[in-house]
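The file entry03.cif contains mmCIF, C-alpha atoms:
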data_upload
#
loop_
_atom_site.label_atom_id
_atom_site.label_comp_id
_atom_site.auth_asym_id
_atom_site.auth_seq_id
_atom_site.Cartn_x
_atom_site.Cartn_y
_atom_site.Cartn_z
CA MET A 17 39.44 -113.04 69.89
CA PRO A 18 37.72 -109.64 70.47
CA GLY A 19 37.92 -109.99 74.24
CA SER A 20 41.61 -110.83 73.98
CA VAL A 21 42.25 -107.76 71.84
CA GLU A 22 40.40 -105.55 74.32
CA ASN A 23 42.55 -106.94 77.15
CA LEU A 24 45.71 -106.38 75.12
CA LEU A 25 44.75 -102.76 74.45
CA LYS A 26 43.97 -102.23 78.12
CA VAL A 27 47.37 -103.56 79.17
CA THR A 28 49.21 -101.64 76.45
CA MET A 29 47.48 -98.26 76.47
CA GLY A 30 44.99 -98.37 79.35
CA LEU A 31 41.93 -98.28 77.11
CA ASP A 32 38.71 -99.37 78.82
CA SER A 33 36.73 -100.67 75.84
CA ALA A 34 33.47 -99.89 77.65
CA SER A 35 34.31 -96.18 77.48
CA VAL A 36 34.32 -96.15 73.68
CA GLY A 37 32.02 -99.10 73.09
CA PRO A 38 32.97 -102.55 71.77
CA THR A 39 32.11 -101.62 68.18
CA VAL A 40 35.05 -99.19 68.06
CA VAL A 41 37.52 -101.96 68.85
CA ARG A 42 35.81 -104.40 66.48
CA GLN A 43 35.87 -101.86 63.66
CA ALA A 44 39.57 -101.20 64.26
CA VAL A 45 40.31 -104.93 64.14
CA ARG A 46 38.37 -105.29 60.88
CA GLU A 47 40.26 -102.34 59.42
CA ARG A 48 43.61 -103.87 60.28
CA MET A 49 42.65 -107.36 59.10
CA THR A 50 41.69 -105.87 55.74
CA ALA A 51 44.95 -103.93 55.57
CA CYS A 52 46.91 -107.10 56.38
CA ARG A 53 44.80 -109.15 53.95
CA ILE A 54 43.89 -111.62 56.66
CA ALA A 55 40.47 -113.27 56.79
CA GLU A 56 40.76 -115.39 59.94
CA PRO A 57 40.67 -113.68 63.37
CA GLU A 58 43.00 -116.30 64.86
CA ALA A 59 45.63 -115.60 62.22
CA TYR A 60 45.44 -111.87 62.93
CA TRP A 61 45.73 -112.52 66.67
CA GLU A 62 48.99 -114.39 66.09
CA ILE A 63 50.42 -111.55 64.03
CA LEU A 64 49.25 -108.99 66.58
CA ASN A 65 51.04 -110.79 69.39
CA GLY A 66 54.24 -111.18 67.43
CA SER A 67 54.52 -107.77 65.80
CA PRO A 68 54.99 -104.54 67.81
CA GLN A 69 54.49 -102.67 64.54
CA GLU A 70 51.05 -104.21 63.98
CA LEU A 71 50.08 -103.51 67.58
CA GLN A 72 50.98 -99.87 66.96
CA GLU A 73 48.86 -99.83 63.81
CA LEU A 74 45.90 -101.21 65.77
CA ILE A 75 46.37 -98.51 68.41
CA ASN A 76 46.40 -95.93 65.60
CA ALA A 77 43.12 -97.34 64.31
CA VAL A 78 41.48 -97.24 67.75
CA VAL A 79 42.56 -93.70 68.64
CA VAL A 80 40.27 -91.29 66.79
CA PRO A 81 41.36 -87.64 67.21
CA GLU A 82 38.79 -85.01 68.17
CA THR A 83 40.49 -81.68 68.73
CA TRP A 84 40.77 -78.14 67.42
CA PHE A 85 42.77 -74.99 68.09
CA PHE A 86 42.06 -73.33 71.45
CA ARG A 87 39.53 -75.95 72.47
CA ASP A 88 38.14 -74.75 75.84
CA ARG A 89 39.84 -71.36 75.75
CA GLU A 90 39.86 -70.75 79.49
CA ALA A 91 42.39 -73.56 79.94
CA PHE A 92 44.91 -71.63 77.83
CA ALA A 93 44.20 -68.42 79.74
CA ALA A 94 44.87 -70.31 82.99
CA LEU A 95 48.10 -71.73 81.58
CA SER A 96 49.49 -68.33 80.58
CA ARG A 97 48.35 -66.83 83.91
CA TYR A 98 50.21 -69.53 85.82
CA ALA A 99 53.30 -69.14 83.60
CA ARG A 100 53.50 -65.40 84.25
CA VAL A 101 53.45 -65.95 88.01
CA HIS A 102 56.06 -68.72 87.84
CA LYS A 103 58.32 -67.10 85.25
CA ARG A 104 62.02 -67.60 86.03
CA ALA A 105 64.95 -65.50 84.91
CA ASN A 106 67.25 -68.20 83.54
CA GLN A 107 65.04 -71.24 83.18
CA PRO A 108 62.25 -71.79 80.64
CA ILE A 109 58.73 -72.84 81.60
CA LYS A 110 58.38 -76.51 80.67
CA ILE A 111 55.03 -77.62 79.29
CA LEU A 112 53.79 -81.08 78.33
CA SER A 113 50.77 -81.80 76.11
CA LEU A 114 49.75 -85.43 76.69
CA PRO A 115 48.07 -86.68 74.59
CA CYS A 116 48.83 -84.11 71.93
CA SER A 117 46.65 -85.75 69.25
CA THR A 118 47.21 -84.11 65.85
CA GLY A 119 48.99 -81.06 67.24
CA GLU A 120 46.29 -78.44 67.65
CA GLU A 121 46.68 -78.31 71.44
CA PRO A 122 50.47 -77.84 71.73
CA TYR A 123 50.46 -75.29 68.94
CA SER A 124 47.65 -73.45 70.75
CA VAL A 125 49.84 -73.46 73.87
CA ALA A 126 52.66 -71.85 71.89
CA MET A 127 50.34 -69.16 70.55
CA ALA A 128 48.92 -68.50 74.04
CA MET A 129 52.42 -68.11 75.48
CA PHE A 130 53.47 -65.70 72.74
CA ASP A 131 50.27 -63.72 73.31
CA ALA A 132 51.16 -63.57 77.03
CA GLY A 133 54.46 -61.88 76.20
CA PHE A 134 56.84 -64.83 76.47
CA GLY A 135 59.82 -65.03 74.15
CA PRO A 136 60.83 -68.25 72.37
CA GLN A 137 63.64 -68.93 74.86
CA GLU A 138 61.32 -68.62 77.85
CA PHE A 139 59.23 -71.75 77.34
CA LYS A 140 59.47 -75.24 75.86
CA ILE A 141 56.67 -77.57 74.81
CA ASP A 142 56.87 -81.36 74.59
CA ALA A 143 53.98 -83.00 72.75
CA VAL A 144 53.47 -86.73 73.30
CA ASP A 145 50.92 -89.12 71.85
CA ILE A 146 50.60 -92.88 71.68
CA SER A 147 49.29 -92.72 68.10
CA THR A 148 52.02 -92.49 65.48
CA ARG A 149 49.29 -91.68 62.96
CA ASN A 150 48.31 -88.60 64.97
CA LEU A 151 51.94 -87.55 65.23
CA ALA A 152 52.43 -87.89 61.46
CA ILE A 153 49.48 -85.52 60.92
CA ALA A 154 50.92 -83.09 63.50
CA GLU A 155 54.32 -83.11 61.84
CA ARG A 156 52.73 -82.49 58.45
CA GLU A 157 51.83 -79.08 59.96
CA VAL A 158 48.85 -78.37 57.67
CA TYR A 159 45.33 -77.93 59.05
CA GLY A 160 41.88 -77.74 57.49
CA ARG A 161 38.66 -76.07 58.50
CA ASN A 162 37.75 -78.68 61.14
CA SER A 163 40.70 -77.50 63.23
CA PHE A 164 39.29 -73.98 63.43
CA ARG A 165 36.01 -73.83 65.34
CA GLY A 166 34.11 -71.22 67.29
CA SER A 167 33.77 -67.52 66.73
CA SER A 168 37.12 -66.31 68.13
CA LEU A 169 39.51 -67.10 65.29
CA GLU A 170 41.54 -63.91 65.25
CA PHE A 171 44.69 -65.95 66.00
CA LYS A 172 44.60 -67.28 62.42
CA ASP A 173 45.72 -63.94 61.01
CA ARG A 174 48.58 -63.63 63.49
CA TYR A 175 50.01 -67.12 63.45
CA PHE A 176 49.03 -68.98 60.27
CA GLU A 177 50.06 -68.92 56.65
CA ALA A 178 48.13 -70.28 53.69
CA VAL A 179 49.78 -73.32 52.08
CA GLU A 180 48.64 -76.04 49.73
CA GLY A 181 45.93 -78.04 51.46
CA GLY A 182 45.12 -75.60 54.26
CA LEU A 183 46.80 -73.39 56.83
CA GLN A 184 50.18 -73.86 58.49
CA PRO A 185 51.42 -72.38 61.80
CA ASN A 186 54.23 -69.92 61.26
CA THR A 187 57.85 -70.83 61.88
CA ALA A 188 57.96 -69.28 65.35
CA VAL A 189 55.08 -71.47 66.56
CA LEU A 190 56.41 -74.62 64.91
CA LYS A 191 59.84 -74.25 66.51
CA GLN A 192 58.39 -74.22 70.04
CA VAL A 193 56.90 -77.74 69.89
CA ARG A 194 58.78 -81.05 69.97
CA PHE A 195 56.68 -84.11 69.09
CA ARG A 196 57.40 -87.59 70.41
CA ALA A 197 55.68 -90.96 70.57
CA GLY A 198 55.04 -92.06 74.14
CA ASN A 199 52.78 -93.84 76.59
CA LEU A 200 51.55 -92.32 79.86
CA PHE A 201 52.02 -95.62 81.65
CA ASP A 202 55.69 -95.60 80.69
CA PHE A 203 56.25 -92.04 81.88
CA GLN A 204 59.88 -92.64 82.84
CA ALA A 205 60.77 -93.58 79.26
CA SER A 206 62.93 -91.36 77.08
CA SER A 207 59.83 -90.04 75.28
CA PHE A 208 59.50 -87.53 78.11
CA GLY A 209 62.04 -84.82 78.69
CA PRO A 210 64.36 -84.79 81.72
CA GLY A 211 63.09 -83.22 84.94
CA GLY A 212 59.59 -82.15 85.92
CA TYR A 213 57.11 -80.13 83.92
CA ASP A 214 55.66 -76.87 85.18
CA VAL A 215 52.42 -77.35 83.26
CA LEU A 216 50.83 -80.58 82.08
CA LEU A 217 47.79 -80.69 79.81
CA CYS A 218 46.12 -84.10 80.00
CA ARG A 219 42.63 -83.36 78.78
CA ASN A 220 39.95 -85.91 77.91
CA LEU A 221 42.23 -88.92 78.32
CA LEU A 222 41.26 -90.19 81.78
CA ILE A 223 37.66 -90.75 80.66
CA TYR A 224 38.89 -93.68 78.57
CA PHE A 225 40.32 -95.51 81.60
CA ASP A 226 38.53 -97.57 84.23
CA ARG A 227 38.70 -96.43 87.85
CA GLU A 228 41.82 -98.44 88.69
CA LEU A 229 43.73 -97.11 85.70
CA GLN A 230 42.56 -93.56 86.38
CA ASP A 231 44.26 -93.80 89.77
CA ARG A 232 47.39 -95.22 88.20
CA ALA A 233 47.38 -92.50 85.54
CA LEU A 234 47.10 -89.72 88.11
CA VAL A 235 50.09 -91.13 89.99
CA CYS A 236 52.04 -90.96 86.71
CA LEU A 237 50.85 -87.41 86.01
CA LYS A 238 51.82 -86.29 89.49
CA GLY A 239 55.28 -87.77 88.98
CA LEU A 240 55.77 -85.74 85.81
CA LEU A 241 55.02 -82.39 87.49
CA THR A 242 57.25 -80.10 89.52
CA SER A 243 56.36 -79.61 93.19
CA ASP A 244 54.14 -76.62 92.38
CA GLY A 245 53.11 -77.72 88.89
CA LEU A 246 49.77 -77.13 87.17
CA LEU A 247 47.58 -79.94 85.79
CA LEU A 248 44.82 -79.22 83.26
CA VAL A 249 42.17 -81.89 82.65
CA GLY A 250 38.90 -82.12 80.72
CA PRO A 251 35.48 -81.08 82.08
CA ALA A 252 34.36 -84.68 82.63
CA GLU A 253 37.54 -85.47 84.60
CA SER A 254 37.50 -82.58 87.06
CA ALA A 255 36.53 -84.69 90.09
CA LEU A 256 39.55 -87.00 89.79
CA PRO A 257 42.66 -84.88 90.60
CA ARG A 258 41.39 -83.99 94.08
CA LEU A 259 41.40 -87.67 94.98
CA HIS A 260 45.18 -87.65 94.52
CA GLY A 261 46.03 -84.56 96.52
CA PHE A 262 45.70 -81.93 93.81
CA ALA A 263 44.16 -78.63 94.84
CA SER A 264 41.77 -76.77 92.57
CA ALA A 265 43.28 -73.58 91.16
CA GLU A 266 39.73 -72.17 91.29
CA TRP A 267 39.90 -70.63 87.84
CA PRO A 268 36.40 -70.89 86.34
CA MET A 269 35.95 -73.30 83.43
CA ALA A 270 39.70 -73.99 83.23
CA PHE A 271 39.59 -77.35 85.09
CA ALA A 272 43.03 -76.54 86.49
CA PHE A 273 44.68 -78.15 89.54
CA LEU A 274 47.85 -77.46 91.49
CA LYS A 275 50.08 -80.24 92.72
CA SER A 276 49.78 -80.46 96.49
CA ASN A 277 50.94 -82.89 99.17
CA ARG A 278 47.80 -82.21 101.18
CA VAL A 279 44.85 -84.43 100.32
CA GLN A 280 41.67 -82.46 99.75
CA THR A 281 38.91 -83.79 101.98
CA GLY A 282 36.10 -82.12 100.09
CA THR A 283 35.31 -79.97 97.14
CA ARG A 284 34.55 -76.30 97.20
CA ALA A 285 32.34 -74.56 94.73
CA ILE A 286 34.30 -72.63 92.15
CA PRO A 287 33.75 -68.94 92.84
CA LEU A 288 32.41 -66.81 90.04
CA SER A 289 34.34 -63.89 88.67
CA SER A 290 33.57 -60.27 89.47
CA PRO A 291 29.81 -59.66 89.75
CA THR A 292 30.07 -56.87 87.23
CA ARG A 293 27.61 -57.79 84.53
CA THR A 294 28.30 -57.70 80.84
CA PRO A 295 25.28 -56.09 79.20
CA SER A 296 23.20 -58.40 77.09
CA ALA A 297 22.62 -57.74 73.43
CA PRO A 298 20.11 -54.94 72.80
CA LYS A 299 16.49 -55.90 72.20
CA PRO A 300 15.39 -55.43 68.63
CA LYS A 301 12.55 -53.02 68.06
CA THR A 302 9.23 -54.80 67.88
CA LYS A 303 7.42 -52.46 65.49
CA VAL A 304 5.91 -54.05 62.41
CA VAL A 305 8.01 -53.42 59.33
CA PRO A 306 5.88 -52.27 56.38
CA PRO A 307 6.30 -53.91 53.02
CA VAL A 308 9.54 -52.82 51.41
CA GLY A 309 11.59 -53.70 48.37
CA ARG A 310 13.85 -56.75 48.20
CA GLU A 311 17.01 -54.72 48.85
CA GLU A 312 15.54 -53.20 52.01
CA GLN A 313 14.34 -56.62 53.17
CA LEU A 314 17.81 -58.07 52.72
CA GLN A 315 19.31 -55.17 54.65
CA THR A 316 16.85 -55.61 57.52
CA THR A 317 17.54 -59.36 57.63
CA ALA A 318 21.30 -58.76 57.67
CA GLN A 319 20.96 -56.32 60.58
CA LEU A 320 18.91 -58.85 62.55
CA LEU A 321 21.47 -61.58 61.88
CA ASP A 322 24.22 -59.25 63.10
CA GLN A 323 22.27 -58.65 66.32
CA ILE A 324 21.79 -62.38 66.86
CA THR A 325 25.47 -63.08 66.21
CA GLU A 326 26.61 -60.36 68.61
CA SER A 327 24.20 -61.60 71.28
CA LEU A 328 25.57 -65.15 70.98
CA LYS A 329 29.13 -63.81 71.21
CA THR A 330 28.13 -61.96 74.39
CA ILE A 331 26.82 -65.19 75.94
CA GLU A 332 30.05 -66.98 75.00
CA ARG A 333 32.22 -64.21 76.47
CA ILE A 334 30.31 -64.27 79.76
CA ALA A 335 30.55 -68.05 79.98
CA ASN A 336 34.28 -68.00 79.19
CA ALA A 337 34.76 -65.48 81.99
CA GLY A 338 33.33 -68.06 84.40
CA ARG A 339 30.06 -66.25 85.08
CA VAL A 340 28.00 -69.31 84.21
CA LYS A 341 24.80 -68.28 86.02
CA GLU A 342 24.84 -64.94 84.27
CA ALA A 343 25.49 -66.64 80.95
CA GLN A 344 22.36 -68.73 81.45
CA GLU A 345 20.29 -65.65 82.25
CA VAL A 346 21.51 -63.83 79.15
CA ALA A 347 20.91 -66.96 77.06
CA ARG A 348 17.29 -67.15 78.23
CA GLU A 349 16.85 -63.46 77.42
CA HIS A 350 18.28 -64.15 73.97
CA LEU A 351 15.70 -66.92 73.53
CA LYS A 352 12.88 -64.48 74.29
CA GLN A 353 14.26 -61.87 71.88
CA PHE A 354 15.39 -63.94 68.95
CA GLY A 355 13.89 -67.41 69.36
CA PRO A 356 15.61 -70.81 69.46
CA SER A 357 18.79 -71.79 67.65
CA ALA A 358 21.26 -74.67 67.85
CA GLU A 359 24.11 -72.41 68.92
CA LEU A 360 22.04 -70.87 71.71
CA PHE A 361 21.07 -74.26 73.16
CA TYR A 362 24.68 -75.43 72.86
CA LEU A 363 25.99 -72.41 74.80
CA LEU A 364 23.26 -72.78 77.41
CA GLY A 365 24.14 -76.45 77.82
CA LEU A 366 27.83 -75.59 78.11
CA ALA A 367 27.17 -73.11 80.93
CA GLN A 368 24.96 -75.63 82.76
CA ASP A 369 27.57 -78.35 82.24
CA ALA A 370 30.23 -76.13 83.85
CA GLU A 371 27.90 -75.42 86.77
CA GLY A 372 27.32 -79.14 87.34
CA ALA A 373 23.67 -79.07 86.26
CA ALA A 374 24.01 -82.24 84.17
CA PRO A 375 20.32 -83.02 83.46
CA GLU A 376 19.67 -79.51 82.20
CA ALA A 377 22.88 -79.56 80.14
CA VAL A 378 21.91 -82.87 78.52
CA GLN A 379 18.49 -81.47 77.63
CA ASN A 380 19.94 -78.40 75.95
CA TYR A 381 22.66 -80.32 74.09
CA ARG A 382 19.86 -82.53 72.72
CA LYS A 383 17.86 -79.45 71.69
CA ALA A 384 20.92 -78.15 69.84
CA LEU A 385 21.25 -81.47 68.01
CA TYR A 386 17.54 -81.53 67.18
CA LEU A 387 17.95 -78.21 65.38
CA ALA A 388 21.41 -79.01 63.96
CA PRO A 389 22.06 -82.78 63.89
CA SER A 390 25.64 -82.24 62.69
CA HIS A 391 26.64 -79.78 65.46
CA GLN A 392 30.00 -81.36 66.29
CA GLU A 393 30.67 -79.47 69.53
CA ALA A 394 27.26 -80.40 70.94
CA LEU A 395 27.85 -84.04 69.96
CA THR A 396 31.27 -84.03 71.62
CA HIS A 397 30.16 -82.48 74.90
CA LEU A 398 26.98 -84.57 75.13
CA ALA A 399 28.98 -87.76 74.57
CA LEU A 400 31.42 -86.78 77.33
CA LEU A 401 28.59 -85.95 79.71
CA LEU A 402 26.72 -89.19 79.03
CA ARG A 403 29.91 -91.18 79.55
CA LYS A 404 30.46 -89.38 82.85
CA GLN A 405 26.91 -90.34 83.89
CA GLY A 406 27.52 -93.97 82.99
CA ASP A 407 25.41 -94.05 79.82
CA LEU A 408 28.08 -95.76 77.75
CA ASN A 409 25.71 -96.93 75.03
CA GLY A 410 24.42 -93.42 74.51
CA ALA A 411 27.95 -92.02 74.47
CA GLU A 412 29.06 -94.68 71.99
CA ALA A 413 26.17 -93.89 69.66
CA LEU A 414 27.06 -90.19 69.66
CA THR A 415 30.75 -90.91 69.12
CA GLY A 416 29.89 -93.10 66.13
CA ARG A 417 27.62 -90.40 64.76
CA LEU A 418 30.38 -87.82 65.14
CA GLY A 419 32.82 -90.09 63.31
CA ARG A 420 30.41 -90.54 60.42
CA ILE A 421 29.88 -86.78 60.16
CA ARG A 422 33.60 -86.08 60.09
CA LYS A 423 34.21 -88.83 57.54
CA GLY A 424 31.41 -87.54 55.35
CA SER A 425 32.72 -83.98 55.44
CA GLY A 426 36.29 -85.06 54.77
CA THR A 427 37.56 -83.46 58.02
#

Could you rewrite the structure in this file as structure tokens?
Amino acid sequence: MPGSVENLLKVTMGLDSASVGPTVVRQAVRERMTACRIAEPEAYWEILNGSPQELQELINAVVVPETWFFRDREAFAALSRYARVHKRANQPIKILSLPCSTGEEPYSVAMAMFDAGFGPQEFKIDAVDISTRNLAIAEREVYGRNSFRGSSLEFKDRYFEAVEGGLQPNTAVLKQVRFRAGNLFDFQASSFGPGGYDVLLCRNLLIYFDRELQDRALVCLKGLLTSDGLLLVGPAESALPRLHGFASAEWPMAFAFLKSNRVQTGTRAIPLSSPTRTPSAPKPKTKVVPPVGREEQLQTTAQLLDQITESLKTIERIANAGRVKEAQEVAREHLKQFGPSAELFYLLGLAQDAEGAAPEAVQNYRKALYLAPSHQEALTHLALLLRKQGDLNGAEALTGRLGRIRKGSGT
């Protein structure tokens, strides 16, 4: 039966079981058999084929969300930049988040548009996902700590309110997003709004399809966009849109593509931003500190930690600005000044990943995980990179490890 289930999921949702590993599908089947109180695989197969509701529940079990607010920030900067240029007097900018997972992405879009100066009548967001479980979480509108990652969390104070169980986006943000269940391969269904979208976020979905279905998916995505629409994909998917006539928007680390009728015959290197350098964090003084009291020691330690934190923020800012070579240089200088840390190796790997230096990125992601085995961002990006390189077993192992960490932490 397992092979039959994998084929059914591929036909229904496009899932290439090799991209997530066969154990993911087997675990989902076991979960659903237990829920249905069925012991025999053949009996479950009969129910699965005769019940659209059970098929949906199996899809819910297979789709494991991995998202957070403002994941890959430069994508949201690119979106608002595009929206400002294409702003129309009497027609709102139409945006689609597909898949929208548990809602962090479309709500981030709403916050980014408000930050860019758009009023509530000037943009609309449709959020579509194949998992009804994900949509139920999104419509609950309450988020825990796992949804807030990274060091730039100032948006929490502007857009969130404390409620029982976590934080909730404010009413203005909630009103901008309309959630619907839908399937990319049925893009003409009523789950999608009428007319084309100006911006389409389809990030980290294509990696779960085989090559044939990736092509089919890109045809669907192209059909959903306006003639000059913007497509945003994930880092591991950035080579695919060009094969279907999309032109790179050439916005560093945004992985953004413009719909174009002209097929691109090659790829150009993404230009770096202005060569103006952001100064690296100041070097700490190297003089030997004489013995002092406990209070003075604590103060000295706190000052050093502040320097390290500011230096890491500097590296992140440079990388987010697209100056990936410079970010690597500053990261190596940080290593000399302050020594190794998981966050440093993660940021260095991220910059190398964006530059296309995959072997070096893999090495630094692994260093980050050696120092911090539960570093979820390093696990996520390393799994994506290994999958892109064809190491499906390695990617599957990391994905399973990430799932266990999240389950153990209750996030």

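The interatomic distance for the pair CA of Phe361 (chain A) and CA of Thr330 (chain A) works out to 14.2 Å.
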
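Between CA of Tyr213 (chain A) and CA of Arg97 (chain A) there is a distance of 15.9 Å.
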
From the list A:Lys275, A:Lys191, A:His397, A:His391, the nearest residue to Arg87 (chain A) using all atoms listed in the file is A:His397

Proximity to Glu90 (chain A) - best of A:Pro375, A:Gly410, A:Pro268, A:Gly416, only C-alpha atoms: A:Pro268

When the PyMOL selection byres ((chain A and resi 165) around 9) is applied to the file above, which residues end up in the set, as an NGL selection string? :A and (84-87 or 161-164 or 166-169 or 393)

Given only C-alpha atoms as the counted atoms, nearest of A:Asp244, A:Asp142, A:Asp231, A:Asp226 to Gly198 (chain A): A:Asp142

Kindly extract all protein, DNA and RNA residues lying within 10 Å of the coordinates (35.6, -85.5, 86.5) given in the file, considering only C-alpha atoms, and supply them as a VMD selection string. chain A and resid 220 222 to 223 249 to 258 271 401 404

Closest to Arg219 (chain A) among A:Ala132, A:Ala99, A:Glu82, A:Gln344, using all atoms listed in the file? A:Glu82

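Going from CA of Ala55 (chain A) over to CA of Arg42 (chain A), you cover 13.9 Å.
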
Sel. within 9 Å of pt (19.0, -62.8, 70.4), counting only C-alpha atoms, output as an NGL selection string: :A and (297-300 or 320-321 or 323-328 or 347 or 349-356 or 360)

Spatial neighbours of region 173-178 of chain A, max dist 12 Å, only C-alpha atoms, sep filter under 3 positions, as an MDAnalysis selection string: chainID A and resid 85 123:124 126:128 130:131 157:160 164 168:170 181:190

Can you list, as an MDAnalysis selection string, every protein, DNA or RNA residue that comes within 12 Å of Glu228 (chain A) when you count only C-alpha atoms, leaving out same-chain residues fewer than 5 positions away? chainID A and resid 26 30:32 222:223 233:235 256

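Restricting the calculation to all atoms listed in the file, the smallest distance between Cys236 (chain A) and any of A:Ile141, A:Leu114, A:Ile63, A:Ala77 is found for A:Leu114.
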
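Picked out by the PyMOL selection byres ((chain A and resi 413) around 12) when it runs on this file: Ser35, Val36, Gly37, Pro38, Thr39, Val40, Leu395, Thr396, Leu398, Ala399, Leu400, Leu402, Arg403, Asp407, Leu408, Asn409, Gly410, Ala411, Glu412, Leu414, Thr415, Gly416, Arg417, Leu418, Gly419 and Arg420 of chain A.
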
Take the selection from the previous step and output its residues with C-alpha atoms, as a PDB file, in the frame of the given file.
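After the write, out02.pdb holds the following:
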ATOM      1  CA  SER A  35      34.310 -96.180  77.480  1.00  0.00           C
ATOM      2  CA  VAL A  36      34.320 -96.150  73.680  1.00  0.00           C
ATOM      3  CA  GLY A  37      32.020 -99.100  73.090  1.00  0.00           C
ATOM      4  CA  PRO A  38      32.970-102.550  71.770  1.00  0.00           C
ATOM      5  CA  THR A  39      32.110-101.620  68.180  1.00  0.00           C
ATOM      6  CA  VAL A  40      35.050 -99.190  68.060  1.00  0.00           C
ATOM      7  CA  LEU A 395      27.850 -84.040  69.960  1.00  0.00           C
ATOM      8  CA  THR A 396      31.270 -84.030  71.620  1.00  0.00           C
ATOM      9  CA  LEU A 398      26.980 -84.570  75.130  1.00  0.00           C
ATOM     10  CA  ALA A 399      28.980 -87.760  74.570  1.00  0.00           C
ATOM     11  CA  LEU A 400      31.420 -86.780  77.330  1.00  0.00           C
ATOM     12  CA  LEU A 402      26.720 -89.190  79.030  1.00  0.00           C
ATOM     13  CA  ARG A 403      29.910 -91.180  79.550  1.00  0.00           C
ATOM     14  CA  ASP A 407      25.410 -94.050  79.820  1.00  0.00           C
ATOM     15  CA  LEU A 408      28.080 -95.760  77.750  1.00  0.00           C
ATOM     16  CA  ASN A 409      25.710 -96.930  75.030  1.00  0.00           C
ATOM     17  CA  GLY A 410      24.420 -93.420  74.510  1.00  0.00           C
ATOM     18  CA  ALA A 411      27.950 -92.020  74.470  1.00  0.00           C
ATOM     19  CA  GLU A 412      29.060 -94.680  71.990  1.00  0.00           C
ATOM     20  CA  LEU A 414      27.060 -90.190  69.660  1.00  0.00           C
ATOM     21  CA  THR A 415      30.750 -90.910  69.120  1.00  0.00           C
ATOM     22  CA  GLY A 416      29.890 -93.100  66.130  1.00  0.00           C
ATOM     23  CA  ARG A 417      27.620 -90.400  64.760  1.00  0.00           C
ATOM     24  CA  LEU A 418      30.380 -87.820  65.140  1.00  0.00           C
ATOM     25  CA  GLY A 419      32.820 -90.090  63.310  1.00  0.00           C
ATOM     26  CA  ARG A 420      30.410 -90.540  60.420  1.00  0.00           C
TER      27      ARG A 420
END

List the residues selected by the PyMOL selection byres ((chain A and resi 365) around 8) in the file shown, writing them as a ChimeraX atom specification. /A:361-364,366-369,376-381

Which residues are close to region 65-71 of chain A, i.e. within 10 Å by all atoms listed in the file, leaving aside same-chain residues fewer than 4 positions away? Reply as a list in words. Val21, Leu24, Leu25, Thr28, Arg48, Cys52, Tyr60, Trp61, Ile75, Asn76 and Ala77 of chain A

A:Val125, A:Glu371, A:Ala358, A:Leu221 ranked by distance to Asp88 (chain A), top pick (using all atoms listed in the file): A:Val125

What are the centre and edge lengths in Å, to one decimal, of the axis-aligned box around all listed atoms of region 111-123 of chain A with 6 Å added on each side, as lines of an AutoDock Vina configuration file?
center_x = 50.7
center_y = -81.0
center_z = 72.6
size_x = 20.7
size_y = 23.4
size_z = 25.4
